[in-house]
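**Q** Pasting model.txt here (compact mmCIF, C-alpha atoms and all ligand atoms):
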# COMPACT_ATOMS: atom_id res chain seq x y z
CA MET A 1 176.29 66.37 33.54
CA PHE A 2 173.95 69.08 32.40
CA THR A 3 173.30 72.45 34.01
CA LEU A 4 170.26 74.65 33.58
CA GLY A 5 169.86 78.13 34.99
CA CYS A 6 172.13 80.46 36.86
CA ARG A 7 175.80 80.73 37.75
CA VAL A 8 175.16 79.27 41.18
CA ASN A 9 174.00 76.10 39.46
CA GLN A 10 177.05 76.18 37.18
CA TYR A 11 179.28 76.35 40.24
CA GLU A 12 177.48 73.49 41.95
CA THR A 13 177.69 71.26 38.87
CA GLU A 14 181.39 71.97 38.63
CA ALA A 15 181.87 71.15 42.32
CA MET A 16 180.02 67.85 41.80
CA ALA A 17 182.15 67.14 38.69
CA GLU A 18 185.33 67.58 40.76
CA LYS A 19 183.98 65.08 43.29
CA PHE A 20 183.26 62.54 40.53
CA ILE A 21 186.77 63.00 39.09
CA ALA A 22 188.33 62.60 42.53
CA GLU A 23 186.47 59.27 42.88
CA GLY A 24 187.87 58.05 39.57
CA TYR A 25 184.88 58.73 37.30
CA ASN A 26 185.39 60.05 33.75
CA ILE A 27 183.24 63.01 32.79
CA VAL A 28 181.89 62.65 29.24
CA GLY A 29 179.65 64.89 27.13
CA PHE A 30 175.95 64.86 27.98
CA ASP A 31 175.15 63.45 24.54
CA ASP A 32 177.53 60.52 25.02
CA CYS A 33 176.40 57.17 26.35
CA ALA A 34 177.17 57.40 30.09
CA ASP A 35 176.61 55.22 33.18
CA VAL A 36 175.42 58.16 35.26
CA TYR A 37 173.64 61.35 34.17
CA VAL A 38 173.33 64.30 36.53
CA ILE A 39 170.89 67.04 35.58
CA ASN A 40 171.14 70.20 37.68
CA THR A 41 167.73 71.78 37.17
CA CYS A 42 166.16 75.24 37.27
CA THR A 43 162.65 76.32 38.19
CA VAL A 44 162.84 80.10 37.85
CA THR A 45 160.33 80.01 34.96
CA ASN A 46 157.94 77.43 33.50
CA MET A 47 160.46 77.13 30.71
CA GLY A 48 163.09 76.08 33.28
CA ASP A 49 160.83 73.21 34.41
CA LYS A 50 160.15 72.18 30.83
CA LYS A 51 163.81 72.20 29.80
CA SER A 52 164.70 70.23 32.94
CA ARG A 53 162.17 67.51 31.98
CA LYS A 54 163.45 67.53 28.41
CA MET A 55 167.01 66.86 29.55
CA ILE A 56 165.85 63.98 31.80
CA HIS A 57 164.11 62.38 28.79
CA ARG A 58 167.18 62.95 26.65
CA ALA A 59 169.40 61.17 29.17
CA ARG A 60 166.93 58.28 29.33
CA ARG A 61 166.98 57.94 25.53
CA LYS A 62 170.79 57.92 25.47
CA ASN A 63 171.10 55.03 27.88
CA GLY A 64 167.99 53.41 29.33
CA SER A 65 169.98 51.55 31.99
CA ALA A 66 172.02 54.53 33.23
CA ILE A 67 171.49 56.03 36.67
CA ILE A 68 169.76 59.39 36.33
CA ALA A 69 170.19 61.86 39.18
CA VAL A 70 168.06 65.00 39.11
CA VAL A 71 169.21 67.75 41.45
CA GLY A 72 168.57 71.46 42.03
CA CYS A 73 165.69 73.91 42.17
CA TYR A 74 163.10 71.99 40.11
CA SER A 75 163.66 68.84 42.23
CA GLN A 76 163.40 70.94 45.37
CA ILE A 77 160.09 72.53 44.43
CA SER A 78 158.48 69.55 42.64
CA PRO A 79 160.07 66.35 44.00
CA GLU A 80 157.03 64.20 43.26
CA LYS A 81 156.78 65.30 39.66
CA VAL A 82 160.48 64.63 39.13
CA SER A 83 160.35 61.29 40.89
CA ASN A 84 157.45 60.16 38.66
CA ILE A 85 159.44 60.72 35.47
CA GLU A 86 160.46 57.35 34.06
CA GLY A 87 164.10 56.52 34.60
CA VAL A 88 164.82 58.93 37.46
CA ASP A 89 166.83 57.19 40.22
CA VAL A 90 167.95 60.05 42.49
CA VAL A 91 165.96 63.16 43.37
CA LEU A 92 168.09 65.63 45.29
CA GLY A 93 167.06 69.19 46.18
CA THR A 94 169.23 72.28 46.39
CA ARG A 95 171.24 71.17 49.44
CA ASN A 96 173.58 68.22 50.04
CA LYS A 97 174.86 68.17 46.48
CA GLY A 98 178.16 67.07 47.98
CA ASP A 99 176.44 63.71 48.74
CA ILE A 100 175.73 62.97 45.08
CA ILE A 101 178.19 60.07 44.74
CA TYR A 102 177.07 58.49 48.01
CA LEU A 103 173.43 58.63 46.80
CA ILE A 104 174.30 57.09 43.44
CA LYS A 105 176.15 54.27 45.21
CA ARG A 106 173.09 53.70 47.40
CA VAL A 107 170.89 53.31 44.30
CA CYS A 108 173.30 50.62 43.03
CA LEU A 109 173.32 48.77 46.35
CA GLU A 110 169.68 49.10 47.32
CA HIS A 111 168.13 48.91 43.83
CA ARG A 112 165.59 51.56 44.63
CA LYS A 113 164.88 55.20 43.96
CA ILE A 114 166.36 57.66 46.48
CA ILE A 115 164.60 60.94 47.23
CA GLU A 116 166.58 63.41 49.33
CA VAL A 117 164.77 66.72 49.50
CA ASN A 118 165.04 68.59 52.80
CA ASP A 119 163.13 71.57 54.15
CA VAL A 120 165.41 74.38 53.01
CA LEU A 121 163.38 77.10 54.71
CA LYS A 122 164.79 75.97 58.05
CA ASN A 123 168.34 75.70 56.75
CA ARG A 124 170.89 78.26 57.93
CA VAL A 125 174.09 76.46 57.00
CA PHE A 126 176.13 77.14 53.88
CA GLU A 127 176.89 73.85 52.18
CA GLU A 128 180.59 73.20 51.90
CA LEU A 129 181.40 72.72 48.21
CA ASN A 130 184.72 73.60 46.62
CA ILE A 131 186.30 74.07 43.25
CA ASP A 132 190.00 73.95 42.43
CA LYS A 133 189.72 74.48 38.72
CA TYR A 134 186.92 74.86 36.23
CA GLN A 135 187.15 72.40 33.35
CA TYR A 136 187.23 74.10 29.95
CA ARG A 137 186.98 77.67 31.30
CA THR A 138 189.23 80.68 31.72
CA ARG A 139 186.87 82.46 34.10
CA ALA A 140 185.73 80.86 37.34
CA PHE A 141 182.36 81.40 39.00
CA LEU A 142 182.48 81.10 42.74
CA LYS A 143 179.36 80.65 44.82
CA ILE A 144 179.79 82.60 48.04
CA GLN A 145 176.16 82.93 49.13
CA ASP A 146 172.93 80.96 48.96
CA GLY A 147 169.27 81.66 49.71
CA CYS A 148 167.12 84.77 49.62
CA ASN A 149 164.92 86.53 52.19
CA ARG A 150 163.35 89.01 49.77
CA PHE A 151 160.27 87.15 48.55
CA CYS A 152 159.56 89.13 45.40
CA SER A 153 155.95 88.36 44.62
CA TYR A 154 156.69 86.52 41.35
CA CYS A 155 159.63 84.40 42.49
CA LEU A 156 159.85 80.82 43.74
CA ILE A 157 163.55 80.94 44.47
CA PRO A 158 163.32 81.66 48.25
CA PHE A 159 161.25 78.45 48.50
CA ALA A 160 163.79 76.52 46.44
CA ARG A 161 166.92 77.92 48.04
CA GLY A 162 165.84 78.80 51.57
CA ALA A 163 167.18 81.51 53.87
CA VAL A 164 170.35 83.52 53.35
CA CYS A 165 173.58 81.76 54.23
CA SER A 166 177.13 82.73 53.34
CA LYS A 167 180.41 80.98 52.73
CA PRO A 168 182.84 81.91 55.53
CA PRO A 169 185.32 84.61 54.35
CA GLY A 170 188.35 82.42 55.11
CA LYS A 171 186.98 79.67 52.85
CA VAL A 172 186.26 82.14 50.05
CA VAL A 173 189.84 83.43 50.20
CA GLU A 174 191.22 79.87 50.29
CA GLU A 175 189.19 78.87 47.24
CA VAL A 176 190.16 81.97 45.23
CA LYS A 177 193.85 81.34 46.07
CA LYS A 178 193.55 77.80 44.70
CA LEU A 179 191.96 79.12 41.52
CA ALA A 180 194.84 81.62 41.18
CA GLN A 181 197.35 78.79 41.63
CA ASN A 182 195.55 76.99 38.81
CA ASN A 183 196.12 80.02 36.54
CA PHE A 184 192.68 81.60 36.65
CA LYS A 185 192.99 85.32 36.16
CA GLU A 186 189.35 86.19 36.71
CA VAL A 187 186.72 85.13 39.24
CA THR A 188 183.05 86.04 39.40
CA LEU A 189 181.59 85.97 42.89
CA SER A 190 178.02 84.72 42.67
CA GLY A 191 175.07 83.99 44.88
CA ILE A 192 171.30 83.82 44.85
CA HIS A 193 171.07 87.25 46.53
CA ILE A 194 174.71 88.23 46.76
CA ALA A 195 173.96 91.63 48.31
CA SER A 196 172.91 89.69 51.45
CA TYR A 197 176.39 88.19 51.83
CA GLY A 198 177.35 88.15 55.50
CA MET A 199 173.97 89.04 57.00
CA ASP A 200 173.78 85.57 58.59
CA MET A 201 177.23 85.89 60.18
CA LYS A 202 178.00 87.09 63.68
CA ASP A 203 180.98 89.21 62.61
CA ASP A 204 180.36 92.36 60.69
CA TRP A 205 180.94 90.96 57.19
CA ASN A 206 179.39 92.14 53.97
CA LEU A 207 180.11 91.84 50.26
CA ALA A 208 182.40 94.89 50.26
CA GLY A 209 184.52 93.20 52.95
CA ILE A 210 184.94 90.00 51.00
CA LEU A 211 185.73 91.97 47.81
CA GLU A 212 188.50 93.76 49.73
CA GLU A 213 189.97 90.41 50.80
CA VAL A 214 189.82 88.93 47.31
CA ASP A 215 191.40 92.09 45.88
CA LYS A 216 194.60 91.25 47.79
CA ILE A 217 195.02 87.78 46.30
CA GLU A 218 198.05 87.52 44.06
CA GLY A 219 197.52 86.03 40.60
CA ILE A 220 193.90 87.07 40.33
CA GLU A 221 193.70 90.08 38.06
CA ARG A 222 189.97 90.59 37.72
CA VAL A 223 187.02 90.15 40.05
CA ARG A 224 183.40 90.43 38.99
CA ILE A 225 180.18 90.17 40.93
CA GLY A 226 177.03 88.49 39.66
CA SER A 227 173.60 90.08 39.40
CA ILE A 228 173.06 92.31 42.42
CA ASP A 229 170.28 94.16 44.24
CA PRO A 230 170.77 97.89 43.51
CA LYS A 231 170.18 98.79 47.17
CA PHE A 232 173.54 97.26 48.03
CA PHE A 233 175.26 100.36 46.62
CA THR A 234 175.03 102.88 49.41
CA GLU A 235 177.37 105.88 49.33
CA GLY A 236 179.63 104.19 51.90
CA ILE A 237 179.84 100.99 49.86
CA ILE A 238 180.62 102.87 46.64
CA ASN A 239 183.41 104.71 48.46
CA ARG A 240 184.89 101.39 49.55
CA ILE A 241 184.63 99.51 46.27
CA LYS A 242 185.88 102.32 44.06
CA ARG A 243 189.32 101.84 45.64
CA LEU A 244 189.54 98.20 44.62
CA LYS A 245 192.06 97.60 41.85
CA LYS A 246 190.66 94.34 40.54
CA LEU A 247 186.91 94.82 40.70
CA CYS A 248 185.60 95.08 37.14
CA PRO A 249 183.47 98.16 36.38
CA HIS A 250 180.42 96.16 35.39
CA PHE A 251 177.33 95.85 37.58
CA HIS A 252 174.21 93.94 36.71
CA LEU A 253 171.57 95.74 38.77
CA SER A 254 168.26 93.86 38.57
CA LEU A 255 165.57 96.46 37.89
CA GLN A 256 162.55 94.35 36.76
CA SER A 257 160.34 97.40 36.15
CA GLY A 258 160.82 101.13 35.62
CA CYS A 259 157.44 101.96 37.17
CA ASP A 260 156.92 102.38 40.94
CA GLU A 261 153.39 100.92 40.95
CA THR A 262 154.62 97.73 39.23
CA LEU A 263 157.65 97.55 41.55
CA ARG A 264 155.33 97.70 44.56
CA ARG A 265 153.24 94.80 43.27
CA MET A 266 156.45 92.91 42.62
CA ASN A 267 157.51 93.56 46.24
CA ARG A 268 160.79 95.08 45.08
CA HIS A 269 162.37 97.25 47.73
CA TYR A 270 163.31 100.43 45.82
CA THR A 271 161.75 103.18 43.75
CA VAL A 272 162.84 104.23 40.29
CA LEU A 273 164.24 107.48 41.71
CA GLU A 274 166.39 105.59 44.22
CA TYR A 275 167.57 103.30 41.44
CA GLU A 276 168.46 106.24 39.18
CA LYS A 277 170.43 107.90 41.99
CA ILE A 278 172.47 104.74 42.55
CA VAL A 279 173.29 104.49 38.83
CA LYS A 280 174.35 108.14 38.78
CA GLU A 281 176.64 107.68 41.80
CA LEU A 282 178.23 104.58 40.25
CA ARG A 283 178.79 106.46 36.99
CA ASP A 284 180.26 109.47 38.79
CA GLU A 285 182.66 107.39 40.85
CA ILE A 286 183.67 104.46 38.66
CA LYS A 287 185.32 105.11 35.30
CA ASP A 288 183.86 103.41 32.19
CA VAL A 289 181.30 101.57 34.31
CA SER A 290 178.79 99.42 32.48
CA ILE A 291 175.31 99.02 33.98
CA THR A 292 173.20 96.12 32.75
CA THR A 293 169.84 94.90 33.97
CA ASP A 294 166.87 92.49 33.86
CA ILE A 295 163.32 93.49 33.05
CA ILE A 296 160.07 91.57 33.37
CA VAL A 297 157.30 92.58 30.97
CA GLY A 298 153.64 91.66 31.29
CA PHE A 299 153.61 91.49 35.09
CA PRO A 300 149.98 91.19 36.36
CA GLY A 301 148.21 94.53 36.09
CA GLU A 302 150.93 96.16 33.93
CA THR A 303 148.97 98.76 31.96
CA GLU A 304 150.16 100.45 28.77
CA GLU A 305 150.99 103.47 30.87
CA GLU A 306 153.07 101.43 33.33
CA PHE A 307 154.89 99.76 30.47
CA SER A 308 155.59 103.16 28.89
CA LYS A 309 157.13 104.35 32.15
CA THR A 310 159.42 101.31 32.12
CA TYR A 311 160.35 101.85 28.48
CA ASP A 312 161.13 105.54 29.04
CA PHE A 313 163.14 104.76 32.15
CA LEU A 314 165.26 102.18 30.33
CA ASN A 315 165.88 104.67 27.54
CA ARG A 316 166.82 107.40 29.98
CA ILE A 317 169.23 105.27 32.01
CA GLU A 318 170.95 104.03 28.82
CA PHE A 319 171.73 100.54 30.03
CA SER A 320 174.52 98.81 28.17
CA LYS A 321 172.51 95.55 28.12
CA ILE A 322 168.91 94.68 29.01
CA HIS A 323 167.79 91.10 29.49
CA VAL A 324 164.04 90.97 29.04
CA PHE A 325 161.76 88.23 30.40
CA LYS A 326 158.06 87.74 29.73
CA TYR A 327 156.32 87.24 33.06
CA SER A 328 155.31 83.63 33.59
CA PRO A 329 153.14 82.77 36.64
CA ARG A 330 154.75 80.38 39.10
CA LYS A 331 152.30 78.37 41.16
CA GLY A 332 152.73 79.14 44.87
CA THR A 333 153.73 82.78 44.39
CA ARG A 334 151.54 85.79 45.20
CA ALA A 335 151.74 87.16 41.67
CA ALA A 336 150.31 83.96 40.19
CA SER A 337 146.97 84.65 41.86
CA MET A 338 146.90 88.40 41.16
CA ARG A 339 144.08 89.75 39.07
CA LYS A 340 144.63 91.18 35.58
CA GLN A 341 147.08 88.64 34.21
CA ILE A 342 148.41 89.92 30.90
CA ASP A 343 147.69 88.33 27.56
CA GLY A 344 150.61 86.47 25.93
CA ARG A 345 150.39 88.57 22.74
CA ILE A 346 150.83 91.78 24.72
CA LYS A 347 153.80 90.32 26.58
CA GLU A 348 155.32 89.39 23.24
CA GLU A 349 154.84 92.92 21.86
CA ARG A 350 156.34 94.55 24.95
CA SER A 351 159.25 92.15 24.95
CA SER A 352 159.99 92.91 21.25
CA LYS A 353 159.95 96.65 21.92
CA ILE A 354 162.50 96.28 24.70
CA ILE A 355 164.68 93.95 22.66
CA GLU A 356 164.79 96.64 19.93
CA LEU A 357 165.64 99.31 22.49
CA ASP A 358 168.35 97.08 23.95
CA LYS A 359 170.03 96.70 20.55
CA LYS A 360 170.11 100.48 20.15
CA LEU A 361 171.45 101.16 23.66
CA GLU A 362 174.01 98.36 23.53
CA LYS A 363 175.41 99.72 20.26
CA GLN A 364 175.43 103.24 21.67
CA PHE A 365 177.45 102.05 24.67
CA MET A 366 179.95 100.11 22.57
CA ASN A 367 180.42 103.03 20.16
CA LYS A 368 181.67 105.17 23.05
CA PHE A 369 184.73 102.95 23.36
CA LEU A 370 185.73 102.73 19.70
CA GLY A 371 189.28 103.90 19.11
CA LYS A 372 190.27 103.14 22.72
CA ASN A 373 192.81 100.55 23.81
CA MET A 374 191.44 98.19 26.46
CA ASP A 375 192.63 95.01 28.16
CA VAL A 376 190.69 91.99 26.92
CA LEU A 377 190.73 88.62 28.64
CA TYR A 378 190.44 86.18 25.74
CA GLU A 379 188.34 83.19 26.70
CA SER A 380 187.92 80.98 23.64
CA GLN A 381 188.18 80.68 19.89
CA PHE A 382 185.41 82.49 18.09
CA GLU A 383 182.98 79.87 16.84
CA LYS A 384 182.81 81.09 13.27
CA ASN A 385 186.51 81.38 12.63
CA ASN A 386 189.31 79.57 14.41
CA ASP A 387 191.83 82.34 13.68
CA TYR A 388 189.77 84.64 15.86
CA TYR A 389 189.37 84.73 19.64
CA GLU A 390 186.63 86.22 21.78
CA GLY A 391 186.92 87.77 25.21
CA TYR A 392 185.75 90.60 27.42
CA THR A 393 186.95 94.02 28.49
CA PRO A 394 186.74 94.80 32.23
CA ASN A 395 183.40 96.55 31.58
CA TYR A 396 182.09 93.45 29.81
CA ILE A 397 182.21 94.43 26.16
CA LYS A 398 182.55 91.31 24.07
CA VAL A 399 185.54 91.69 21.77
CA ILE A 400 186.55 89.50 18.83
CA SER A 401 190.11 89.78 17.55
CA ARG A 402 192.38 87.95 15.15
CA GLY A 403 195.06 85.84 16.84
CA LYS A 404 198.63 85.28 15.72
CA CYS A 405 199.05 82.09 13.70
CA GLY A 406 199.04 79.09 15.94
CA GLN A 407 199.23 81.06 19.20
CA ASN A 408 196.63 80.04 21.76
CA LEU A 409 195.19 83.17 23.33
CA GLU A 410 192.87 81.45 25.82
CA GLY A 411 193.32 82.90 29.30
CA LYS A 412 195.54 85.77 28.11
CA ILE A 413 194.86 89.42 28.88
CA LEU A 414 195.93 91.46 25.86
CA ASN A 415 195.77 95.16 25.16
CA THR A 416 193.43 95.59 22.22
CA GLU A 417 192.24 98.50 20.14
CA LEU A 418 188.47 98.51 19.74
CA LYS A 419 187.79 99.11 16.05
CA SER A 420 184.17 98.49 15.02
CA VAL A 421 180.78 97.27 16.26
CA LYS A 422 178.89 94.44 14.60
CA ASP A 423 176.13 92.05 15.78
CA GLY A 424 176.37 92.87 19.49
CA CYS A 425 180.16 92.70 19.73
CA VAL A 426 183.19 94.79 19.01
CA TYR A 427 185.92 93.78 16.58
CA GLY A 428 189.35 94.63 17.88
CA LYS A 429 193.03 94.61 16.95
CA ILE A 430 195.45 93.20 19.47
CA LYS A 431 198.22 95.74 20.15
CA SER A 432 200.63 93.56 22.07
CA PHE A 433 200.96 89.78 21.79
CA ILE A 434 202.74 88.01 24.64
S1 LIG A 501 165.62 88.96 45.13
FE1 LIG A 501 163.57 88.49 44.42
S2 LIG A 501 163.92 87.73 42.31
FE2 LIG A 501 165.89 87.62 43.36
S3 LIG A 501 165.98 85.50 44.17
FE3 LIG A 501 165.17 86.84 45.80
S4 LIG A 501 162.95 86.68 45.61
FE4 LIG A 501 163.81 85.94 43.68
Starting from the coordinates I provided, produce the structure as structure tokens.
Ligand code: SF4
**A**
Amino acid sequence: MFTLGCRVNQYETEAMAEKFIAEGYNIVGFDDCADVYVINTCTVTNMGDKKSRKMIHRARRKNGSAIIAVVGCYSQISPEKVSNIEGVDVVLGTRNKGDIIYLIKRVCLEHRKIIEVNDVLKNRVFEELNIDKYQYRTRAFLKIQDGCNRFCSYCLIPFARGAVCSKPPGKVVEEVKKLAQNNFKEVTLSGIHIASYGMDMKDDWNLAGILEEVDKIEGIERVRIGSIDPKFFTEGIINRIKRLKKLCPHFHLSLQSGCDETLRRMNRHYTVLEYEKIVKELRDEIKDVSITTDIIVGFPGETEEEFSKTYDFLNRIEFSKIHVFKYSPRKGTRAASMRKQIDGRIKEERSSKIIELDKKLEKQFMNKFLGKNMDVLYESQFEKNNDYYEGYTPNYIKVISRGKCGQNLEGKILNTELKSVKDGCVYGKIKSFI
């Protein structure tokens, strides 16, 4: 199985993997010779489409007689293109992923290609998928929401994922309890537009409500939320979430541009002043909070002056991490047909400037914590040296520390002194081994 794209896709692949295992299948590496390949695709950028096609070809080369099932956002938006790729047997969109085994069995019985792509724009039902335990992970991602009603002018996702729908609160709690029973200490609640959680429900549920429920679950020590619309954080919401003991002080607030004119063309629903106010309130109320963001450079019509406003805004806010994306037109969106598309060279230059700024701000943020002792959840051995383990503080600083000979630190939360910053991470010294 191979996953491209976001955490929602990661969750859905994992849920499909659990179904395969329950039916007696063995999950092998994607580069092994397998009988069935499942590629969970992404279409958020042109690159997502390209990588999705590349993985289909790779599966075909590995075993020409295997069943290849292509699922997810790229299949949903471009089912014909996917179906025409040699070797593809199942084309499944973003819904009904729980039917994957049934569809594969149908291919075997009927000896024909199956295309199952429904109109997601009419869908209002959250698809029931569940996870008991993530293979090979110490941190679980949990999809609690799907769909988006925002229609940013550059984004295809509302067409791929459909309208907002939410996992019922009782089911979320049940699933988190199972993860706790399976020794997960941390869960990340994810969705396509997680700030919309609950807006499709009759009862008065929202994301703060579900966070309060998850906070009570024994065994879970940390809760994170995925990328979130800044407008979610009203004063009332901040007052509620600041009381939560397990919610990690790290918020990824998608900004996309630091210039109001560009934000308007993007159809984003906030101004830079509103955004700045929200960041200030979060920083005033939540200790050690880390604010990270996404930025798109080279959006149609982005002048030098508009870009400078964005650059200055990023510098002023002092984000602890900035993910920068070069705008790429997606056919079918409003932005793709806007005038004044920006030259690739300019996008490249703007992207490099922000990457440089990000390195400076990230280091600045990490430096503030040097000399402090923080709890780190160690997730895996550090790739370059097996004596070392890497993990994250609650405010998402990546920490690398030396283990104790032979002791496996995966999944352990250990108090660690943060000693020095190097290459985008902090080197630490574990104070108390368990
Ligand atoms: S909020 Fe905007 S960028 Fe995010 S999924 Fe919805 S339409 Fe796309």
**Q** Which of these residues is nearest to ligand LIG 501 (chain A), using all atoms listed in the file: A:Leu156, A:Ile430, A:Leu247, A:Cys425?
**A**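 Using all atoms listed in the file, ligand LIG 501 (chain A) sits closest to A:Leu156.
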**Q** Out of A:His269, A:Lys347, A:Arg240, A:Lys309, which residue has the shortest atom-to-atom distance to ligand LIG 501 (chain A) when counting only C-alpha atoms and all ligand atoms?
**A**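 So, comparing all the options, the nearest one is A:His269.
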**Q** What does the list of residues within 10 Å of ligand LIG 501 (chain A) look like if you count all atoms listed in the file, written as a PyMOL selection string?
**A** chain A and resi 44+146-164+191-196+227-229+254-256+266-269
**Q** Which of these residues is nearest to A:Lys359, using only C-alpha atoms: A:Glu417, A:Asp423, A:Asp49, A:Glu175?
**A** A:Asp423
**Q** Measuring atom to atom with all atoms listed in the file, identify which of A:Glu304, A:Glu362, A:Glu261, A:Glu218 is nearest to A:Gly424.
**A** A:Glu362
**Q** From the options A:Phe184, A:Val107, A:Ile101, A:Thr41, which residue's atoms come nearest to A:Ala22, counting only C-alpha atoms?
**A**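 Ranked by minimum distance to A:Ala22, first place goes to A:Ile101.
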**Q** Expressed in Å to a single decimal, how great is the separation between atom CA of A:Lys353 and atom CA of A:Glu305?
**A** 14.4 Å
**Q** Mind listing whatever residues come within 12 Å of the point (196.3, 75.3, 35.7)? Use only C-alpha atoms, file coordinates, and give them as a PyMOL selection string.
**A** chain A and resi 132-139+178-185+219+411
**Q** Write out as number ranges by chain each polymer residue whose atoms come within 9 Å of A:Ala15, counting only C-alpha atoms; drop sequence neighbours fewer than 6 positions from it.
**A** A: 97-98, 129-132, 134
**Q** With a distance cut-off of 9 Å and only C-alpha atoms, select the neighbouring residues of A:Pro394, excluding the residue or stretch itself and same-chain residues fewer than 6 positions from it, and output the selection as a list in words.
**A**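 Residues meeting the cut-off are Arg222, Arg224, Leu247, Cys248, Pro249, His250, Val289, Met374, Asp375, Val376 and Leu377 of chain A.
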**Q** Have a look at A:Ser190, A:Ser83, A:Asn96, A:Ser65 and name the one nearest to A:Cys6; count only C-alpha atoms.
**A**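 Smallest separation from A:Cys6 among the options: A:Ser190.
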**Q** Show me as a ChimeraX atom specification the residues that reach within 9 Å of (183.5, 89.7, 47.5), counting all atoms listed in the file and using the file's own coordinates.
**A** /A:144,169,172,188-190,194,197,206-215,223-225
**Q** Could you please determine the separation between atom CA of A:Thr94 and atom CA of A:Pro168 in Å, to one decimal place?
**A**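 Those two atoms sit 19.0 Å apart.
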**Q** Output requested as a compact mmCIF listing (two decimals), in the frame of the given file - stretch 277-288 of chain A, filled out with N, CA, C and O atoms.
**A**
# COMPACT_ATOMS: atom_id res chain seq x y z
N LYS A 277 169.39 107.23 41.19
CA LYS A 277 170.43 107.90 41.99
C LYS A 277 171.65 106.98 42.14
O LYS A 277 172.79 107.43 42.04
N ILE A 278 171.37 105.71 42.38
CA ILE A 278 172.47 104.74 42.55
C ILE A 278 173.29 104.65 41.25
O ILE A 278 174.51 104.68 41.26
N VAL A 279 172.58 104.58 40.12
CA VAL A 279 173.29 104.49 38.83
C VAL A 279 174.15 105.74 38.63
O VAL A 279 175.31 105.65 38.21
N LYS A 280 173.60 106.89 38.97
CA LYS A 280 174.35 108.14 38.78
C LYS A 280 175.63 108.12 39.65
O LYS A 280 176.72 108.46 39.17
N GLU A 281 175.47 107.70 40.90
CA GLU A 281 176.64 107.68 41.80
C GLU A 281 177.71 106.71 41.28
O GLU A 281 178.90 107.02 41.30
N LEU A 282 177.25 105.55 40.79
CA LEU A 282 178.23 104.58 40.25
C LEU A 282 178.94 105.19 39.05
O LEU A 282 180.16 105.07 38.90
N ARG A 283 178.17 105.87 38.19
CA ARG A 283 178.79 106.46 36.99
C ARG A 283 179.73 107.61 37.34
O ARG A 283 180.75 107.80 36.68
N ASP A 284 179.39 108.36 38.39
CA ASP A 284 180.26 109.47 38.79
C ASP A 284 181.57 108.96 39.38
O ASP A 284 182.62 109.58 39.24
N GLU A 285 181.50 107.83 40.08
CA GLU A 285 182.66 107.39 40.85
C GLU A 285 183.52 106.33 40.16
O GLU A 285 184.68 106.16 40.51
N ILE A 286 182.92 105.58 39.23
CA ILE A 286 183.67 104.46 38.66
C ILE A 286 183.80 104.64 37.14
O ILE A 286 182.80 104.62 36.41
N LYS A 287 185.03 104.80 36.71
CA LYS A 287 185.32 105.11 35.30
C LYS A 287 184.85 103.97 34.37
O LYS A 287 185.03 102.79 34.68
N ASP A 288 184.27 104.34 33.25
CA ASP A 288 183.86 103.41 32.19
C ASP A 288 182.84 102.36 32.65
O ASP A 288 182.70 101.31 32.02
